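Presented below is the structure to which this report refers.
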Amino acid sequence: MRPAAASSLDALPATGTAFAPGLLRAHRLFESSDLDDARERISRVMQPHRLQALERPRGGRSHMDFVRVGGIGLGTIRFGETTRVDVSHVEDYHLLMFCLQGHAEVRADDRPLQADGRRGMVCAPGSRFVADLSPDCEQFVLRLDRRMLESHTGRPLRFEAALDLQRPALQAWRAQLHLLLSSDALMQAVQASPIVAAEMERLLVHLLLAGQPWTDDVPLRIAARPAGAGASQAACVRRAVAHMEAHAADALRLADIAAAAGVSVRTLLDAFHRVRDESPMQTLRDLRLERARQRLRASEDGITVAAVALDCGFAHLSRFAQAYRARFGESPSDTLRAAG
């Protein structure tokens with residue numbers, strides 16, 4: 001691997017706003033000296049993936065900081081040793097990544113890219129993401145939920161994979177990120193008010209859309225659709241949904257669902273887009289939310305929101321509560337109190 005890059009975006013020249021996500025440090029999810037433990041904890045926030053130490057382990061210490069703003073997840077990840085991250089298929093979100101420290105050799109959308117303090121990448125749903133991280137690398141990651149993004153654009157899209165953080169058109173987006181993650185008052189307002197969070201989500205999305213090139217994803221999918229595929233796609237979706245219903249509480253991956261349906265991941269994604277106008281993981285999340293609502297309304301003796309969330313396949317309680325409120329217009333605890 002090549003020598004370490006600049007230590008952080010703070011070293012950038014005056015072409016853009018310095019970036020220092022200081023407030024994320026107050027949202028630390030974990031610290032660990034075990035790579036397998038780190039993989040498991042990160043999987044609960046992002047998705048299942050593989051981690052591999054590329055050199056003899058140094059006993060480095062991993063950490064992750066993470067906070068959600070509406071349908072956007074913002075975080076930092078560090079492993080403390082030379083590590084390969086392999087995500088077979090990014091599930092139901094767009095993954096944006098660059099480095100606060102160190103560097104990475106990345107492959108996104110089958111394209112080799114470099115990530116450091118001045119450049120990064122955006123990986124589309126359904127694409128493979130592989131990154132070889134330097135031992136001093138700390139990633140900054142954004143998770144942009146697909147459905148949230150499409151609610152702003154009105155249609156599916158695909159960002160240009162290469163992210164040039166010095167692009168003039170991206171400076172307003174960078175400045176807003178910096179403000180959010182360095183202003184305690186602003187972060188408190190976002191955390192306290194769903195309305196403020198929604199407006200911040202909207203602002204960050206539209207600044208990114210204005211600064212990062214993107215293309216409409218629909219024409220590509222329509223052109224690739226084989227003749228007479230409607231019946232086979234509907235059957236594929238039925239098989240996938242049946243598997244989800246039988247294993248909703250399990251830690252299902254996109255690849256698991258595709259295997260159960262007997263198709264490739266790309267075929268599965270296209271079938272769900274055609275038949276249901278949503279992704280398989282969105283269908284799975286909605287199914288789990290419906291089950292959770294039924295359990296909460298039943299108000300079994302001694303039942304808790306946390307227990308229901310775990311039983312229905314949600315490993316992260318705050319994300320469950322946010323998704324539940326977005327779907328049903330009330331919190332899980334509100335539903336439980338009303339049933340009691």
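Residues in the structure tokens are named by chain (A, B, ... in the order shown) and by number from 1 within that chain; ligands are numbered from 1 in the order shown.
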Spatial neighbours of region 264-273 of chain A, 6 Å, only C-alpha atoms, chain gap at least 6 places, as a VMD selection string: chain A and resid 233 258 279
Could you build a table of the residues in region 118-172 of chain A lying no more than 12 Å from region 41-60 of chain A, giving for each the nearest pair of atoms and their separation in Å rounded to one decimal place, using only C-alpha atoms, ordered by chain and ascending residue number, as a tab-separated table?
```
residue	atom	partner	partner_atom	distance
A:Arg128	CA	A:His49	CA	10.6
A:Phe129	CA	A:His49	CA	9.7
A:Val130	CA	A:Arg50	CA	9.5
A:Ala131	CA	A:Leu51	CA	9.9
A:Asp132	CA	A:Leu54	CA	8.2
A:Leu133	CA	A:Leu54	CA	9.1
A:Ser134	CA	A:Leu54	CA	9.6
A:Pro135	CA	A:Gly60	CA	8.3
A:Asp136	CA	A:Gly60	CA	9.6
A:Cys137	CA	A:Gly60	CA	11.5
A:Val141	CA	A:Met46	CA	10.1
A:Leu142	CA	A:Met46	CA	10.1
A:Arg143	CA	A:Met46	CA	7.8
A:Leu144	CA	A:Met46	CA	10.9
A:Asp145	CA	A:Met46	CA	10.8
```
Using only C-alpha atoms, find each residue of region 11-97 of chain A with at least one atom at most 12 Å away from an atom of region 282-296 of chain A; report its shortest atom-to-atom pair and that distance in Å (one decimal), sort the rows by chain and rising residue number, and return the result as a Markdown table.
```
| residue | atom | partner | partner_atom | distance |
| --- | --- | --- | --- | --- |
| A:Glu91 | CA | A:Gln282 | CA | 9.4 |
| A:Asp92 | CA | A:Gln282 | CA | 7.0 |
| A:Tyr93 | CA | A:Gln282 | CA | 10.0 |
```
Gly313 (chain A) environment, 7 Å, only C-alpha atoms, sequence neighbours closer than 6 positions dropped, as number ranges by chain: A: 248-251, 288
Atomic distance CA of Ala306 (chain A) - CA of Pro280 (chain A), expressed in Å with one decimal: 24.4 Å
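Residues in contact with Gln114 (chain A) at 7 Å, where only C-alpha atoms are counted and same-chain residues fewer than 6 positions away are skipped, are listed as A:Ala104, A:Glu105, A:Val106, A:Gly120.
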Backbone-only DSSP, alpha helix (DSSP H) members of region 113-219 of chain A, as number ranges by chain: A: 146-153, 171-180, 184-192, 194-211, 218-219
Take the residues that were just selected and, keeping C-alpha atoms, output them as a PDB file, in the first residue's frame.
```
ATOM      1  CA  ARG A 146     -32.761   4.723  -0.568  1.00  0.00           C
ATOM      2  CA  ARG A 147     -36.439   5.401   0.057  1.00  0.00           C
ATOM      3  CA  MET A 148     -35.646   8.659   1.873  1.00  0.00           C
ATOM      4  CA  LEU A 149     -33.507   9.824  -1.042  1.00  0.00           C
ATOM      5  CA  GLU A 150     -36.179   8.907  -3.585  1.00  0.00           C
ATOM      6  CA  SER A 151     -38.775  10.798  -1.551  1.00  0.00           C
ATOM      7  CA  HIS A 152     -36.746  13.941  -2.320  1.00  0.00           C
ATOM      8  CA  THR A 153     -35.988  13.165  -5.978  1.00  0.00           C
ATOM      9  CA  GLN A 171     -18.411  23.085  -0.726  1.00  0.00           C
ATOM     10  CA  ALA A 172     -21.864  24.111   0.509  1.00  0.00           C
ATOM     11  CA  TRP A 173     -22.630  20.482   1.405  1.00  0.00           C
ATOM     12  CA  ARG A 174     -19.296  20.143   3.214  1.00  0.00           C
ATOM     13  CA  ALA A 175     -19.896  23.393   5.076  1.00  0.00           C
ATOM     14  CA  GLN A 176     -23.317  22.234   6.246  1.00  0.00           C
ATOM     15  CA  LEU A 177     -21.914  18.899   7.429  1.00  0.00           C
ATOM     16  CA  HIS A 178     -19.196  20.738   9.313  1.00  0.00           C
ATOM     17  CA  LEU A 179     -21.735  23.041  10.940  1.00  0.00           C
ATOM     18  CA  LEU A 180     -23.990  20.176  11.996  1.00  0.00           C
ATOM     19  CA  ASP A 184     -23.674  21.588  19.852  1.00  0.00           C
ATOM     20  CA  ALA A 185     -26.774  23.820  19.727  1.00  0.00           C
ATOM     21  CA  LEU A 186     -27.659  22.709  16.196  1.00  0.00           C
ATOM     22  CA  MET A 187     -27.143  19.019  16.976  1.00  0.00           C
ATOM     23  CA  GLN A 188     -29.302  19.310  20.099  1.00  0.00           C
ATOM     24  CA  ALA A 189     -32.071  20.943  18.051  1.00  0.00           C
ATOM     25  CA  VAL A 190     -31.891  18.156  15.451  1.00  0.00           C
ATOM     26  CA  GLN A 191     -31.996  15.486  18.148  1.00  0.00           C
ATOM     27  CA  ALA A 192     -34.883  17.129  19.999  1.00  0.00           C
ATOM     28  CA  PRO A 194     -38.355  15.594  14.316  1.00  0.00           C
ATOM     29  CA  ILE A 195     -39.300  18.670  12.288  1.00  0.00           C
ATOM     30  CA  VAL A 196     -35.800  20.150  12.565  1.00  0.00           C
ATOM     31  CA  ALA A 197     -34.305  16.734  11.760  1.00  0.00           C
ATOM     32  CA  ALA A 198     -36.484  16.481   8.638  1.00  0.00           C
ATOM     33  CA  GLU A 199     -35.429  19.929   7.486  1.00  0.00           C
ATOM     34  CA  MET A 200     -31.750  19.135   8.097  1.00  0.00           C
ATOM     35  CA  GLU A 201     -32.178  15.889   6.147  1.00  0.00           C
ATOM     36  CA  ARG A 202     -33.748  17.822   3.276  1.00  0.00           C
ATOM     37  CA  LEU A 203     -30.964  20.426   3.260  1.00  0.00           C
ATOM     38  CA  LEU A 204     -28.131  17.859   3.313  1.00  0.00           C
ATOM     39  CA  VAL A 205     -29.761  15.793   0.556  1.00  0.00           C
ATOM     40  CA  HIS A 206     -30.373  18.716  -1.773  1.00  0.00           C
ATOM     41  CA  LEU A 207     -26.907  20.178  -1.243  1.00  0.00           C
ATOM     42  CA  LEU A 208     -25.440  16.763  -2.105  1.00  0.00           C
ATOM     43  CA  LEU A 209     -27.675  16.458  -5.175  1.00  0.00           C
ATOM     44  CA  ALA A 210     -26.518  19.900  -6.290  1.00  0.00           C
ATOM     45  CA  GLY A 211     -22.836  19.130  -5.763  1.00  0.00           C
ATOM     46  CA  VAL A 218     -34.858   4.037 -14.077  1.00  0.00           C
ATOM     47  CA  PRO A 219     -33.985   4.039 -17.811  1.00  0.00           C
TER      48      PRO A 219
END
```
Distance criterion (only C-alpha atoms): nearest to Gly75 (chain A) out of A:Phe98, A:Phe140, A:Arg28, A:Leu113: A:Phe140
Secondary structure check, strand (DSSP E or B) residues of region 27-263 of chain A, as JSON, numbers by chain: {"A": [28, 29, 30, 31, 32, 50, 51, 52, 53, 62, 63, 64, 65, 66, 67, 68, 69, 72, 73, 74, 75, 76, 77, 78, 83, 84, 85, 86, 87, 93, 94, 95, 96, 97, 98, 99, 100, 101, 104, 105, 106, 107, 108, 111, 112, 113, 114, 115, 119, 120, 121, 122, 123, 129, 130, 131, 132, 133, 138, 139, 140, 141, 142, 143, 144, 145, 157, 158, 159, 162, 163, 164, 214, 215, 216]}
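For the atom pair formed by CA of Gly73 (chain A) and CA of Met97 (chain A), the distance is 11.8 Å, given to one decimal.
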Nearest to Thr76 (chain A) by atom-to-atom distance, counting only C-alpha atoms, from A:Met121, A:Leu29, A:Leu310, A:Leu170: A:Leu29
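Across the structure, CA of Leu163 (chain A) and CA of Trp214 (chain A) are spaced 11.1 Å apart.
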